[in-house]
Each structure stands twice: as C-alpha cells, then as structure tokens.
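**Student:** Just one file: structure20.txt, with compact mmCIF, C-alpha atoms.
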```txt
# COMPACT_ATOMS: atom_id res chain seq x y z
CA MET A 814 -4.67 3.96 26.27
CA ILE A 815 -2.41 7.02 26.48
CA ARG A 816 0.90 7.27 24.61
CA ASP A 817 3.66 8.92 26.71
CA VAL A 818 6.29 10.92 24.78
CA GLU A 819 9.04 13.32 25.76
CA VAL A 820 8.70 15.87 22.95
CA LEU A 821 5.67 16.15 20.68
CA VAL A 822 6.21 18.18 17.52
CA ILE A 823 2.99 19.28 15.85
CA GLY A 824 3.66 19.81 12.15
CA GLY A 825 6.15 18.09 9.86
CA GLY A 826 7.18 21.10 7.80
CA PRO A 827 10.61 22.77 7.81
CA ALA A 828 10.26 24.12 11.37
CA GLY A 829 8.83 20.89 12.78
CA LEU A 830 11.37 18.57 11.16
CA CYS A 831 14.28 20.74 12.27
CA ALA A 832 12.83 20.93 15.78
CA ALA A 833 12.56 17.15 15.91
CA THR A 834 16.11 16.47 14.72
CA ALA A 835 17.52 19.13 17.06
CA ALA A 836 15.80 17.71 20.14
CA ALA A 837 16.66 14.14 19.13
CA SER A 838 20.32 15.03 18.57
CA LEU A 839 20.60 15.83 22.29
CA GLY A 840 18.95 12.55 23.30
CA ALA A 841 15.25 13.39 23.58
CA LYS A 842 12.62 10.97 22.27
CA VAL A 843 10.44 12.79 19.75
CA LEU A 844 7.07 12.16 18.11
CA VAL A 845 6.15 14.22 15.03
CA CYS A 846 2.50 14.48 13.99
CA GLU A 847 1.93 15.56 10.38
CA ARG A 848 -1.61 15.88 9.01
CA ASP A 849 -0.61 15.29 5.36
CA ASP A 850 0.30 11.89 4.00
CA VAL A 851 3.95 12.95 3.58
CA PRO A 852 6.07 15.26 5.75
CA GLY A 853 7.91 18.26 4.33
CA GLY A 854 5.29 21.00 4.54
CA GLN A 855 5.49 23.66 1.85
CA LEU A 856 8.93 22.46 0.78
CA VAL A 857 7.40 19.58 -1.20
CA LYS A 858 6.13 22.06 -3.79
CA GLN A 859 9.00 24.57 -3.87
CA THR A 860 11.21 24.08 -6.92
CA HIS A 861 13.17 27.36 -6.58
CA LYS A 862 16.62 27.68 -5.04
CA PHE A 863 17.03 29.04 -1.52
CA PHE A 864 19.08 32.02 -0.37
CA GLY A 865 20.88 32.44 2.95
CA SER A 866 24.01 30.55 3.96
CA GLU A 867 25.21 26.97 3.64
CA LYS A 868 23.62 26.20 7.02
CA GLN A 869 20.21 27.07 5.54
CA TYR A 870 20.92 25.01 2.38
CA ALA A 871 21.56 28.04 0.16
CA GLY A 872 21.64 27.03 -3.50
CA ASP A 873 19.47 23.95 -2.96
CA ARG A 874 15.89 23.73 -4.18
CA GLY A 875 13.07 23.54 -1.66
CA ILE A 876 11.99 20.05 -2.77
CA HIS A 877 15.52 18.75 -2.21
CA ILE A 878 15.80 20.48 1.17
CA GLY A 879 12.52 18.85 2.19
CA GLN A 880 13.83 15.44 1.16
CA MET A 881 17.01 15.95 3.21
CA LEU A 882 15.06 17.04 6.30
CA VAL A 883 12.71 14.06 6.02
CA GLU A 884 15.59 11.61 5.55
CA ASN A 885 17.40 13.04 8.58
CA ALA A 886 14.29 12.60 10.72
CA VAL A 887 13.32 9.16 9.40
CA ASN A 888 16.82 7.81 9.97
CA ASP A 889 17.05 9.10 13.55
CA PRO A 890 16.22 6.33 16.05
CA ASN A 891 14.98 8.94 18.53
CA ILE A 892 12.29 10.20 16.15
CA GLU A 893 8.93 8.67 15.26
CA ILE A 894 6.77 10.27 12.55
CA TRP A 895 3.02 9.84 12.27
CA THR A 896 1.59 10.98 8.93
CA ASP A 897 -2.10 11.46 8.14
CA SER A 898 -2.29 12.56 11.78
CA THR A 899 -4.28 15.65 12.72
CA VAL A 900 -3.84 17.06 16.22
CA LEU A 901 -7.34 17.89 17.44
CA GLY A 902 -6.66 19.54 20.77
CA ILE A 903 -4.28 20.40 23.61
CA TYR A 904 -6.07 20.17 26.95
CA GLU A 905 -5.59 21.57 30.45
CA ASP A 906 -4.28 18.30 31.84
CA GLY A 907 -1.57 18.22 29.17
CA ILE A 908 -3.22 15.49 27.08
CA VAL A 909 -3.10 15.96 23.31
CA THR A 910 -5.66 14.21 21.11
CA VAL A 911 -4.69 13.07 17.62
CA LEU A 912 -6.74 11.64 14.77
CA VAL A 913 -4.37 9.09 13.19
CA GLY A 914 -6.09 7.98 10.01
CA GLU A 915 -9.48 7.00 11.41
CA LYS A 916 -8.18 6.16 14.89
CA HIS A 917 -8.43 8.53 17.87
CA VAL A 918 -5.24 8.53 19.97
CA LYS A 919 -4.30 10.30 23.21
CA VAL A 920 -0.73 11.51 23.69
CA ASN A 921 0.83 12.68 26.94
CA PRO A 922 3.94 14.76 26.07
CA LYS A 923 6.36 16.35 28.50
CA LYS A 924 7.08 19.14 26.01
CA ILE A 925 5.21 20.36 22.94
CA ILE A 926 6.59 22.26 19.94
CA VAL A 927 3.82 23.80 17.83
CA ALA A 928 5.00 24.14 14.23
CA THR A 929 1.68 24.30 12.40
CA GLY A 930 2.72 26.95 9.87
CA ALA A 931 0.32 29.39 8.22
CA SER A 932 -2.68 29.54 5.91
CA GLU A 933 -3.26 31.69 2.84
CA LYS A 934 -5.19 34.94 3.08
CA PHE A 935 -7.97 35.74 0.62
CA LEU A 936 -9.45 38.88 -0.93
CA ALA A 937 -13.06 40.07 -0.83
CA PHE A 938 -14.42 41.31 -4.17
CA PRO A 939 -17.49 40.65 -6.35
CA GLY A 940 -17.17 37.30 -8.11
CA ASN A 941 -14.46 35.89 -5.83
CA ASP A 942 -16.29 32.56 -5.61
CA LEU A 943 -15.99 31.75 -9.31
CA PRO A 944 -14.19 28.54 -10.30
CA GLY A 945 -10.73 29.51 -11.52
CA ILE A 946 -9.77 31.60 -8.49
CA TYR A 947 -7.01 29.98 -6.43
CA GLY A 948 -4.54 30.69 -3.71
CA ALA A 949 -0.91 30.55 -4.84
CA GLY A 950 -0.28 27.48 -2.67
CA ALA A 951 -3.02 25.55 -4.44
CA VAL A 952 -1.57 26.45 -7.83
CA GLN A 953 1.88 25.31 -6.68
CA THR A 954 0.42 22.02 -5.47
CA LEU A 955 -1.36 21.36 -8.76
CA MET A 956 1.70 22.24 -10.80
CA ASN A 957 4.67 20.97 -8.79
CA VAL A 958 3.16 18.07 -6.86
CA ALA A 959 0.32 16.74 -9.02
CA GLY A 960 1.96 17.64 -12.34
CA VAL A 961 -1.16 19.40 -13.59
CA LYS A 962 -1.01 22.52 -15.76
CA PRO A 963 -3.42 24.70 -13.76
CA ALA A 964 -4.30 27.35 -16.36
CA GLU A 965 -3.68 28.89 -19.76
CA ARG A 966 -3.61 32.59 -18.78
CA VAL A 967 -3.18 33.79 -15.21
CA LEU A 968 -3.53 37.14 -13.47
CA MET A 969 -1.38 37.10 -10.33
CA VAL A 970 -2.29 39.25 -7.34
CA GLY A 971 0.60 39.96 -5.00
CA ALA A 972 4.22 40.82 -5.76
CA GLY A 973 5.77 39.32 -2.65
CA ASN A 974 8.20 36.44 -3.00
CA ILE A 975 5.40 33.87 -3.29
CA GLY A 976 3.58 35.74 -6.06
CA LEU A 977 6.77 36.37 -8.02
CA ILE A 978 8.14 32.84 -7.63
CA VAL A 979 4.85 31.14 -8.54
CA SER A 980 4.49 33.44 -11.56
CA TYR A 981 7.88 32.31 -12.84
CA GLN A 982 7.08 28.65 -12.18
CA LEU A 983 3.81 29.04 -14.10
CA MET A 984 5.74 30.49 -17.03
CA GLN A 985 8.11 27.52 -16.91
CA ALA A 986 5.04 25.26 -17.17
CA GLY A 987 3.89 27.06 -20.32
CA VAL A 988 1.27 29.30 -18.70
CA GLU A 989 0.92 32.91 -19.84
CA ILE A 990 1.03 35.54 -17.08
CA ALA A 991 -1.20 38.47 -18.02
CA ALA A 992 0.19 40.69 -15.25
CA VAL A 993 1.19 40.79 -11.62
CA LEU A 994 -0.75 43.21 -9.42
CA GLU A 995 0.59 44.77 -6.23
CA ALA A 996 -1.55 47.03 -4.05
CA GLY A 997 1.47 48.69 -2.46
CA PRO A 998 3.67 51.35 -4.04
CA ARG A 999 6.52 48.84 -4.55
CA ILE A 1000 7.01 45.10 -4.80
CA GLY A 1001 7.41 43.18 -1.56
CA GLY A 1002 9.56 40.34 -2.91
CA TYR A 1003 13.22 40.12 -3.83
CA LEU A 1004 14.29 42.00 -6.94
CA VAL A 1005 15.93 38.88 -8.37
CA HIS A 1006 12.53 37.17 -8.56
CA ALA A 1007 10.82 40.22 -10.06
CA SER A 1008 13.55 40.68 -12.65
CA LYS A 1009 13.09 37.17 -14.05
CA ILE A 1010 9.46 37.73 -14.97
CA ALA A 1011 9.92 41.38 -15.96
CA ARG A 1012 12.61 40.35 -18.47
CA ALA A 1013 10.04 38.01 -20.03
CA GLY A 1014 7.73 40.96 -20.62
CA VAL A 1015 5.28 40.43 -17.74
CA PRO A 1016 3.98 43.79 -16.45
CA ILE A 1017 4.17 44.32 -12.67
CA LEU A 1018 1.50 46.89 -11.81
CA THR A 1019 1.99 48.52 -8.41
CA ARG A 1020 -0.84 50.39 -6.70
CA HIS A 1021 -3.37 48.16 -8.49
CA THR A 1022 -6.00 45.78 -7.18
CA VAL A 1023 -8.93 43.60 -8.25
CA LYS A 1024 -12.24 45.43 -8.55
CA GLU A 1025 -14.30 42.43 -9.62
CA ALA A 1026 -14.13 39.06 -11.36
CA TYR A 1027 -16.65 37.88 -13.93
CA GLY A 1028 -17.61 34.82 -15.95
CA ASP A 1029 -20.48 32.49 -16.82
CA GLY A 1030 -20.01 29.57 -14.42
CA LYS A 1031 -16.23 30.02 -14.41
CA LEU A 1032 -13.71 32.83 -14.46
CA GLU A 1033 -13.41 34.61 -17.80
CA GLY A 1034 -11.85 37.91 -16.83
CA VAL A 1035 -11.02 40.40 -14.09
CA ILE A 1036 -11.59 44.11 -13.81
CA ILE A 1037 -8.62 45.79 -12.16
CA CYS A 1038 -8.11 49.40 -11.12
CA GLU A 1039 -5.54 51.74 -9.62
CA LEU A 1040 -5.32 52.71 -5.95
CA ASP A 1041 -4.54 56.14 -4.53
CA GLU A 1042 -2.17 56.86 -1.64
CA LYS A 1043 -4.99 56.13 0.80
CA TRP A 1044 -5.52 52.67 -0.76
CA GLN A 1045 -8.85 53.73 -2.28
CA GLN A 1046 -9.91 52.70 -5.79
CA ILE A 1047 -9.57 55.47 -8.39
CA PRO A 1048 -12.67 55.72 -10.63
CA GLY A 1049 -11.96 55.71 -14.34
CA THR A 1050 -8.77 53.64 -14.09
CA GLU A 1051 -10.44 50.26 -14.72
CA GLN A 1052 -8.88 47.72 -17.07
CA ASP A 1053 -10.40 44.45 -18.29
CA ILE A 1054 -7.92 41.56 -18.10
CA LYS A 1055 -9.04 38.40 -19.90
CA CYS A 1056 -7.85 35.27 -18.09
CA ASP A 1057 -9.04 31.82 -17.06
CA THR A 1058 -7.33 31.86 -13.65
CA LEU A 1059 -6.84 34.43 -10.91
CA CYS A 1060 -4.07 33.51 -8.48
CA LEU A 1061 -4.03 35.20 -5.07
CA ALA A 1062 -0.69 35.58 -3.28
CA VAL A 1063 -1.78 38.18 -0.74
CA GLY A 1064 -0.05 36.95 2.37
CA LEU A 1065 -0.30 34.31 5.07
CA SER A 1066 -1.91 34.11 8.51
CA PRO A 1067 -0.33 32.07 11.34
CA LEU A 1068 -2.26 28.85 12.09
CA THR A 1069 -2.66 29.36 15.82
CA GLU A 1070 -5.84 27.48 16.78
CA LEU A 1071 -3.98 25.01 18.99
CA CYS A 1072 -2.11 27.83 20.74
CA TRP A 1073 -5.42 29.53 21.55
CA GLN A 1074 -6.86 26.28 22.86
CA ALA A 1075 -3.78 25.53 24.97
CA GLY A 1076 -4.22 28.86 26.78
CA CYS A 1077 -1.13 30.60 25.38
CA GLU A 1078 -1.25 34.38 25.69
CA MET A 1079 -1.99 35.68 22.20
CA ARG A 1080 -1.58 39.16 20.74
CA PHE A 1081 -2.19 40.76 17.36
CA ILE A 1082 1.24 41.87 16.13
CA ARG A 1083 1.03 43.31 12.65
CA GLU A 1084 4.71 42.76 11.88
CA LEU A 1085 4.26 39.03 12.55
CA SER A 1086 1.19 38.84 10.25
CA GLY A 1087 -1.60 38.39 12.79
CA HIS A 1088 -2.45 36.92 16.17
CA VAL A 1089 0.56 35.00 17.48
CA PRO A 1090 1.55 33.35 20.76
CA LEU A 1091 3.88 35.47 22.86
CA THR A 1092 7.28 33.80 23.15
CA ASN A 1093 10.60 34.35 24.91
CA GLU A 1094 14.14 33.99 23.57
CA ASN A 1095 13.76 30.17 23.68
CA LEU A 1096 10.51 30.37 21.68
CA GLU A 1097 8.62 29.10 24.74
CA THR A 1098 5.08 30.42 25.03
CA THR A 1099 3.49 31.68 28.23
CA VAL A 1100 2.31 28.10 28.88
CA GLU A 1101 5.30 26.32 30.37
CA GLY A 1102 6.56 23.50 28.17
CA ILE A 1103 4.83 24.65 24.98
CA TYR A 1104 7.05 26.16 22.28
CA ALA A 1105 6.13 27.77 18.95
CA ALA A 1106 8.42 27.77 15.91
CA GLY A 1107 8.09 28.80 12.28
CA ASP A 1108 5.19 30.68 10.71
CA VAL A 1109 2.85 29.94 13.62
CA SER A 1110 4.78 32.52 15.65
CA GLY A 1111 5.32 35.00 12.80
CA VAL A 1112 5.37 34.57 9.03
CA GLU A 1113 8.89 34.52 7.53
CA GLU A 1114 10.92 32.62 4.95
CA ALA A 1115 11.44 28.87 5.29
CA SER A 1116 15.12 29.49 6.10
CA SER A 1117 14.14 31.27 9.31
CA ALA A 1118 11.54 28.63 10.12
CA MET A 1119 14.19 25.90 9.99
CA VAL A 1120 16.50 27.76 12.36
CA GLU A 1121 13.63 28.58 14.72
CA GLY A 1122 12.75 24.90 14.74
CA ARG A 1123 16.28 24.00 15.77
CA LEU A 1124 16.24 26.63 18.52
CA ALA A 1125 12.95 25.34 19.94
CA GLY A 1126 14.15 21.74 19.69
CA TYR A 1127 17.36 22.45 21.59
CA ALA A 1128 15.43 24.42 24.21
CA ALA A 1129 12.89 21.63 24.72
CA ALA A 1130 15.61 19.00 25.10
CA GLU A 1131 17.55 21.26 27.47
CA SER A 1132 14.49 21.71 29.66
CA LEU A 1133 14.29 17.92 29.95
CA GLY A 1134 17.88 17.82 31.20
CA TYR A 1135 19.55 16.55 28.03
CA GLU A 1136 23.08 17.83 27.28
CA VAL A 1137 22.36 21.13 29.06
CA GLU A 1138 25.71 22.83 28.44
CA LYS A 1139 25.83 21.71 24.81
CA ALA A 1140 22.24 22.87 24.35
CA LYS A 1141 23.14 26.36 25.55
CA VAL A 1142 25.88 26.62 22.93
CA LEU A 1143 23.63 25.29 20.15
CA LYS A 1144 20.85 27.69 21.12
CA ALA A 1145 23.27 30.61 20.98
CA ASP A 1146 24.45 29.48 17.53
CA ALA A 1147 20.84 29.27 16.30
CA ALA A 1148 20.05 32.72 17.70
CA ALA A 1149 23.09 34.12 15.89
CA GLU A 1150 21.92 32.51 12.62
CA LEU A 1151 18.50 34.09 13.03
CA ALA A 1152 20.06 37.49 13.66
CA GLU A 1153 22.10 37.12 10.46
CA LEU A 1154 19.05 36.07 8.42
CA ARG A 1155 17.10 39.07 9.74
CA SER A 1156 19.85 41.63 9.21
CA GLY A 1157 19.28 44.46 6.76
CA PRO A 1158 16.10 46.25 5.66
CA ALA A 1159 14.20 43.04 4.86
CA GLY A 1160 14.41 41.88 8.47
CA GLU A 1161 13.45 45.13 10.17
CA ARG A 1162 9.75 44.34 10.21
CA ILE A 1163 10.08 40.87 11.70
CA LEU A 1164 12.62 42.05 14.28
CA ALA A 1165 10.24 44.79 15.39
CA GLY A 1166 7.50 42.19 15.80
CA ILE A 1167 9.73 39.83 17.76
CA LYS A 1168 10.76 42.63 20.13
CA LYS A 1169 7.08 43.38 20.75
CA SER A 1170 6.34 39.71 21.40
CA GLU A 1171 9.22 39.27 23.85
CA ALA A 1172 8.39 42.51 25.68
CA LEU A 1173 4.73 41.51 26.03
CA TYR A 1174 5.82 38.04 27.16
CA GLU A 1175 7.88 39.55 30.00
CA GLU A 1176 4.99 41.83 30.89
CA VAL A 1177 2.54 38.94 31.09
CA LYS A 1178 4.88 36.60 32.98
CA GLY A 1179 5.90 39.38 35.35
CA GLY A 1180 2.29 40.06 36.21
CA LYS A 1181 1.53 36.44 37.10
```
Hey, can you dump this file as structure tokens for me?
**Tutor:**
Amino acid sequence: MIRDVEVLVIGGGPAGLCAATAAASLGAKVLVCERDDVPGGQLVKQTHKFFGSEKQYAGDRGIHIGQMLVENAVNDPNIEIWTDSTVLGIYEDGIVTVLVGEKHVKVNPKKIIVATGASEKFLAFPGNDLPGIYGAGAVQTLMNVAGVKPAERVLMVGAGNIGLIVSYQLMQAGVEIAAVLEAGPRIGGYLVHASKIARAGVPILTRHTVKEAYGDGKLEGVIICELDEKWQQIPGTEQDIKCDTLCLAVGLSPLTELCWQAGCEMRFIRELSGHVPLTNENLETTVEGIYAAGDVSGVEEASSAMVEGRLAGYAAAESLGYEVEKAKVLKADAAAELAELRSGPAGERILAGIKKSEALYEEVKGGK
C-alpha cells in the first residue's frame, strides 16, 4: 500500500515545522516525518533566549519556541506528524520509503521539503576515542533533556555560539569550565555569549587546539598547544589541562544523504559548511519538486532555518496551485526577513555561499 500526500516534510525541527505550517496555511495537505520520538529538533535542548525580531521569537527561549512550533503544527488540520519515523530513501519514481517504528511504509508525495538539519563535526587527535569526549549536542541533550549533570570539569573546544552557549549552560548546572579553546585568531560566536563566561573567570584561548587526550580507561586530561598563523602546532607551548570531559563544538555538517540519493546537484561550498544541494530563490533543488530548507542547505542559526522553512513551504504550496498570489507576497516577505537576518558582517559568509549556490543552480539548469 502506498500513502499519497501533497507535501512531505522530512524533519520536524525548526525548518521542517515552519515549512509544514506555511504550506498548510495556504491549503496544502502536509505529512511531517520526524525520526525522534518528539518533534522540535535542536530546539528541545536550547534553554537560551533567541535574538532577531519578534517574527523570529526574539526574547523567547529555544525550548519554548519549539513548543509553540509543535503546537501550531499539531493543531493544524492540514498537518499530520509521524514521529519515530526515519526516511530511508527517495527514489527515481518519486516514492519515498519510511520506517515508522518497526513498520515499512511507502509514501508518494507531490512535493518534498528536505529539512534534515546537520550533524556535529569531530576532531582527529590521539586519544579521541576515550570515554568522556562528547559533541556539544550530546552534552546539551544529557543536561537539558535528560536532566543529567554530564561532568565535573569540562574543557570546551570551539568558541562559536554553540561552544559559548553550552559552556554557560554547563556553568549553570554546576560544572566547572577549565577553558574554552578556539583555533582561530578570534571567537566565532556573539560577544554577548563570550562575555558571560569571561566575566565568570573562564579563559578563552584563541589560536589553541587539542594535541592529545589521555586517561586510563576514561578521560583524565588533555594536552593543548598554541597554533601559528599557518594553523600549525607550536612546539614548546603545550599545557596539561586536567578534566573529566572534553566537549567538542567544532562546527556542523549538512545532513544531505537524501539529497544525494534523490539526484540533486550537489556542490562543496565552504561558506555553507560542506556539500549542499544547489537551490534557487524558492529553495527548490535541481530536482523539480524537491526543496531544501534549514541547515541541510547551509548551516546557520535556527532563526534563519525557521524563515527558510516558511519560504520553502509557501513555494511548495504555490507550485501545487494553492493561493498563488498570496503565496508570492508571503515568499517575498520571507525573503526580506532572511535578508534582514543576514545583514551585517555576521551574514557576509552565508550570503556569499548562497550567491554561489544560486549561480551554480542557474548554470546547471541552463545546461540541461
């Protein structure tokens, strides 16, 4: 048996939920597949307040934003949500296979919005397989979802927003932060986040990295060292940091396996954090009817992911003939929101990546 749907949204995080409610608001029937047992994505573990404007829930905490997005979707009669549902493949005939619990289901969507998010990157160094070495997302899950104090003394690697925010949340949970390391010459996160932990006496060491980790059956300490301007380790600068946990917040990689399988044209675009599907101004990939929104098309903040989700949702509904004129206006509004979010120095990198993606998209489509 094959389940027919109008719009299939793969991923129930901020981008996916916003895509679903946007498409449904114009009249489209939407199915959301979320592999976890609850929707919300990374928002379910984010206790910090968001920036941006009122439209992006500025001033609200991530956990509360997630709850609002889930409630909006659950209460919409045009939206159905499957949890514990892993999308296994997108095939040439348009059929999508989903593992729902232990049951294998086939779905035949008219439009697909891929909102699978991103996965954490890791670092290669001697001893990186010792128990006590985590990604920042895992630490957040233990602390903010499971209510487990994950460590006594942590060395954080990465001074982007994730590393800085998780460091502060660890301190709130009574965990000591030995230091925050950053390989670059300056922090990558917002100064407001760095200031909170710096005021508490936590050293933020730029141009430093992990040389090796050590311990007898579990992490006991980490040897760190300085880096020169060519990102090479400087002999003689080693320091021994005693800690029971090493937390890695060294970036994210778009989760694009389904885009590859669906035949979307993919390119490595450094500014978008890896291989991403090429998209146009509607976030449609080179495969007609397949859209990509959120971190899967370029790693950004959750605020941008939510707006991208809305844009893709409106575009998908418009392509099905729902409220076409209204959809055009709503798409333009979403595009304007994204431009505002990406204004200023912080958005230069992502804008450069998006321009590359759109230019390559036109090149590929023009050559077909």
**Student:** Find the distance between atom CA of A:Tyr904 and atom CA of A:Ala1172 and write it in Å to one decimal.
**Tutor:**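 The value is 26.6 Å.
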**Student:** Mind checking which residues fall within 12 Å of A:Ala1129, counting all atoms listed in the file, ignoring those fewer than 2 positions away in the same chain, and posting them as number ranges by chain?
**Tutor:** A: 819-822, 832-843, 922-927, 1095-1098, 1101-1106, 1122-1127, 1131-1137, 1140-1141, 1144
**Student:** So that I have them on file, write out the residues from the current selection with C-alpha atoms, as a PDB file, keeping the file's coordinate frame.
**Tutor:**
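As a result, selection-v1.pdb now contains:
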```
ATOM      1  CA  GLU A 819       9.040  13.320  25.760  1.00  0.00           C
ATOM      2  CA  VAL A 820       8.700  15.870  22.950  1.00  0.00           C
ATOM      3  CA  LEU A 821       5.670  16.150  20.680  1.00  0.00           C
ATOM      4  CA  VAL A 822       6.210  18.180  17.520  1.00  0.00           C
ATOM      5  CA  ALA A 832      12.830  20.930  15.780  1.00  0.00           C
ATOM      6  CA  ALA A 833      12.560  17.150  15.910  1.00  0.00           C
ATOM      7  CA  THR A 834      16.110  16.470  14.720  1.00  0.00           C
ATOM      8  CA  ALA A 835      17.520  19.130  17.060  1.00  0.00           C
ATOM      9  CA  ALA A 836      15.800  17.710  20.140  1.00  0.00           C
ATOM     10  CA  ALA A 837      16.660  14.140  19.130  1.00  0.00           C
ATOM     11  CA  SER A 838      20.320  15.030  18.570  1.00  0.00           C
ATOM     12  CA  LEU A 839      20.600  15.830  22.290  1.00  0.00           C
ATOM     13  CA  GLY A 840      18.950  12.550  23.300  1.00  0.00           C
ATOM     14  CA  ALA A 841      15.250  13.390  23.580  1.00  0.00           C
ATOM     15  CA  LYS A 842      12.620  10.970  22.270  1.00  0.00           C
ATOM     16  CA  VAL A 843      10.440  12.790  19.750  1.00  0.00           C
ATOM     17  CA  PRO A 922       3.940  14.760  26.070  1.00  0.00           C
ATOM     18  CA  LYS A 923       6.360  16.350  28.500  1.00  0.00           C
ATOM     19  CA  LYS A 924       7.080  19.140  26.010  1.00  0.00           C
ATOM     20  CA  ILE A 925       5.210  20.360  22.940  1.00  0.00           C
ATOM     21  CA  ILE A 926       6.590  22.260  19.940  1.00  0.00           C
ATOM     22  CA  VAL A 927       3.820  23.800  17.830  1.00  0.00           C
ATOM     23  CA  ASN A1095      13.760  30.170  23.680  1.00  0.00           C
ATOM     24  CA  LEU A1096      10.510  30.370  21.680  1.00  0.00           C
ATOM     25  CA  GLU A1097       8.620  29.100  24.740  1.00  0.00           C
ATOM     26  CA  THR A1098       5.080  30.420  25.030  1.00  0.00           C
ATOM     27  CA  GLU A1101       5.300  26.320  30.370  1.00  0.00           C
ATOM     28  CA  GLY A1102       6.560  23.500  28.170  1.00  0.00           C
ATOM     29  CA  ILE A1103       4.830  24.650  24.980  1.00  0.00           C
ATOM     30  CA  TYR A1104       7.050  26.160  22.280  1.00  0.00           C
ATOM     31  CA  ALA A1105       6.130  27.770  18.950  1.00  0.00           C
ATOM     32  CA  ALA A1106       8.420  27.770  15.910  1.00  0.00           C
ATOM     33  CA  GLY A1122      12.750  24.900  14.740  1.00  0.00           C
ATOM     34  CA  ARG A1123      16.280  24.000  15.770  1.00  0.00           C
ATOM     35  CA  LEU A1124      16.240  26.630  18.520  1.00  0.00           C
ATOM     36  CA  ALA A1125      12.950  25.340  19.940  1.00  0.00           C
ATOM     37  CA  GLY A1126      14.150  21.740  19.690  1.00  0.00           C
ATOM     38  CA  TYR A1127      17.360  22.450  21.590  1.00  0.00           C
ATOM     39  CA  GLU A1131      17.550  21.260  27.470  1.00  0.00           C
ATOM     40  CA  SER A1132      14.490  21.710  29.660  1.00  0.00           C
ATOM     41  CA  LEU A1133      14.290  17.920  29.950  1.00  0.00           C
ATOM     42  CA  GLY A1134      17.880  17.820  31.200  1.00  0.00           C
ATOM     43  CA  TYR A1135      19.550  16.550  28.030  1.00  0.00           C
ATOM     44  CA  GLU A1136      23.080  17.830  27.280  1.00  0.00           C
ATOM     45  CA  VAL A1137      22.360  21.130  29.060  1.00  0.00           C
ATOM     46  CA  ALA A1140      22.240  22.870  24.350  1.00  0.00           C
ATOM     47  CA  LYS A1141      23.140  26.360  25.550  1.00  0.00           C
ATOM     48  CA  LYS A1144      20.850  27.690  21.120  1.00  0.00           C
TER      49      LYS A1144
END
```
**Student:** As a ChimeraX atom specification, please: the residues near stretch 911-918 of chain A (cut-off 12 Å, all atoms listed in the file, same-chain neighbours under 4 positions excluded).
**Tutor:** /A:814-817,821,823,844-850,894-904
**Student:** Name the residues in contact with A:Leu936 at a cut-off of 9 Å, using all atoms listed in the file, excluding same-chain residues fewer than 3 positions from it; report them as a PDB file with C-alpha atoms, in the frame of the given file.
**Tutor:**
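This is the output file selection-v3.pdb:
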```
ATOM      1  CA  ASN A 941     -14.460  35.890  -5.830  1.00  0.00           C
ATOM      2  CA  VAL A1023      -8.930  43.600  -8.250  1.00  0.00           C
ATOM      3  CA  LEU A1061      -4.030  35.200  -5.070  1.00  0.00           C
ATOM      4  CA  VAL A1063      -1.780  38.180  -0.740  1.00  0.00           C
TER       5      VAL A1063
END
```
**Student:** Mind running stretch 986-1066 of chain A against stretch 973-978 of chain A at 8 Å and telling me each contacting residue's nearest atom pair with the distance in Å (one decimal), counting only C-alpha atoms, chain and number ascending, as a tab-separated table?
**Tutor:**
```
residue	atom	partner	partner_atom	distance
A:Val993	CA	A:Gly976	CA	7.9
A:Ile1000	CA	A:Gly973	CA	6.3
A:Gly1001	CA	A:Gly973	CA	4.3
A:Gly1002	CA	A:Gly973	CA	3.9
A:Tyr1003	CA	A:Asn974	CA	6.3
A:His1006	CA	A:Leu977	CA	5.8
A:Ala1007	CA	A:Leu977	CA	5.9
A:Ile1010	CA	A:Leu977	CA	7.6
A:Leu1061	CA	A:Gly976	CA	7.7
A:Ala1062	CA	A:Gly976	CA	5.1
A:Val1063	CA	A:Gly973	CA	7.9
```
**Student:** Quick one: of A:Leu856, A:Leu955, A:Leu1032, A:Leu1059, who's nearest to A:Ile990, counting only C-alpha atoms?
**Tutor:** A:Leu1059
**Student:** Rounded to one decimal place, report the atom CA of A:Ala986-atom CA of A:Gly945 distance in Å.
**Tutor:**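 Computing it gives 17.3 Å between the two atoms.
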**Student:** If you measure from atom CA of A:Gln1046 to atom CA of A:Ala949, what distance in Å do you get, rounded to one decimal?
**Tutor:**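 Here the two named atoms are 23.9 Å from each other.
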**Student:** Quick one: of A:Ser980, A:Ser1116, A:Gln985, A:Asn891, who's nearest to A:Val1015, counting only C-alpha atoms?
**Tutor:** A:Ser980
**Student:** Counting only C-alpha atoms, which of A:Val1120, A:Leu1018, A:Leu1004, A:Cys1060 gets nearest to A:Ala1159?
**Tutor:** A:Leu1004
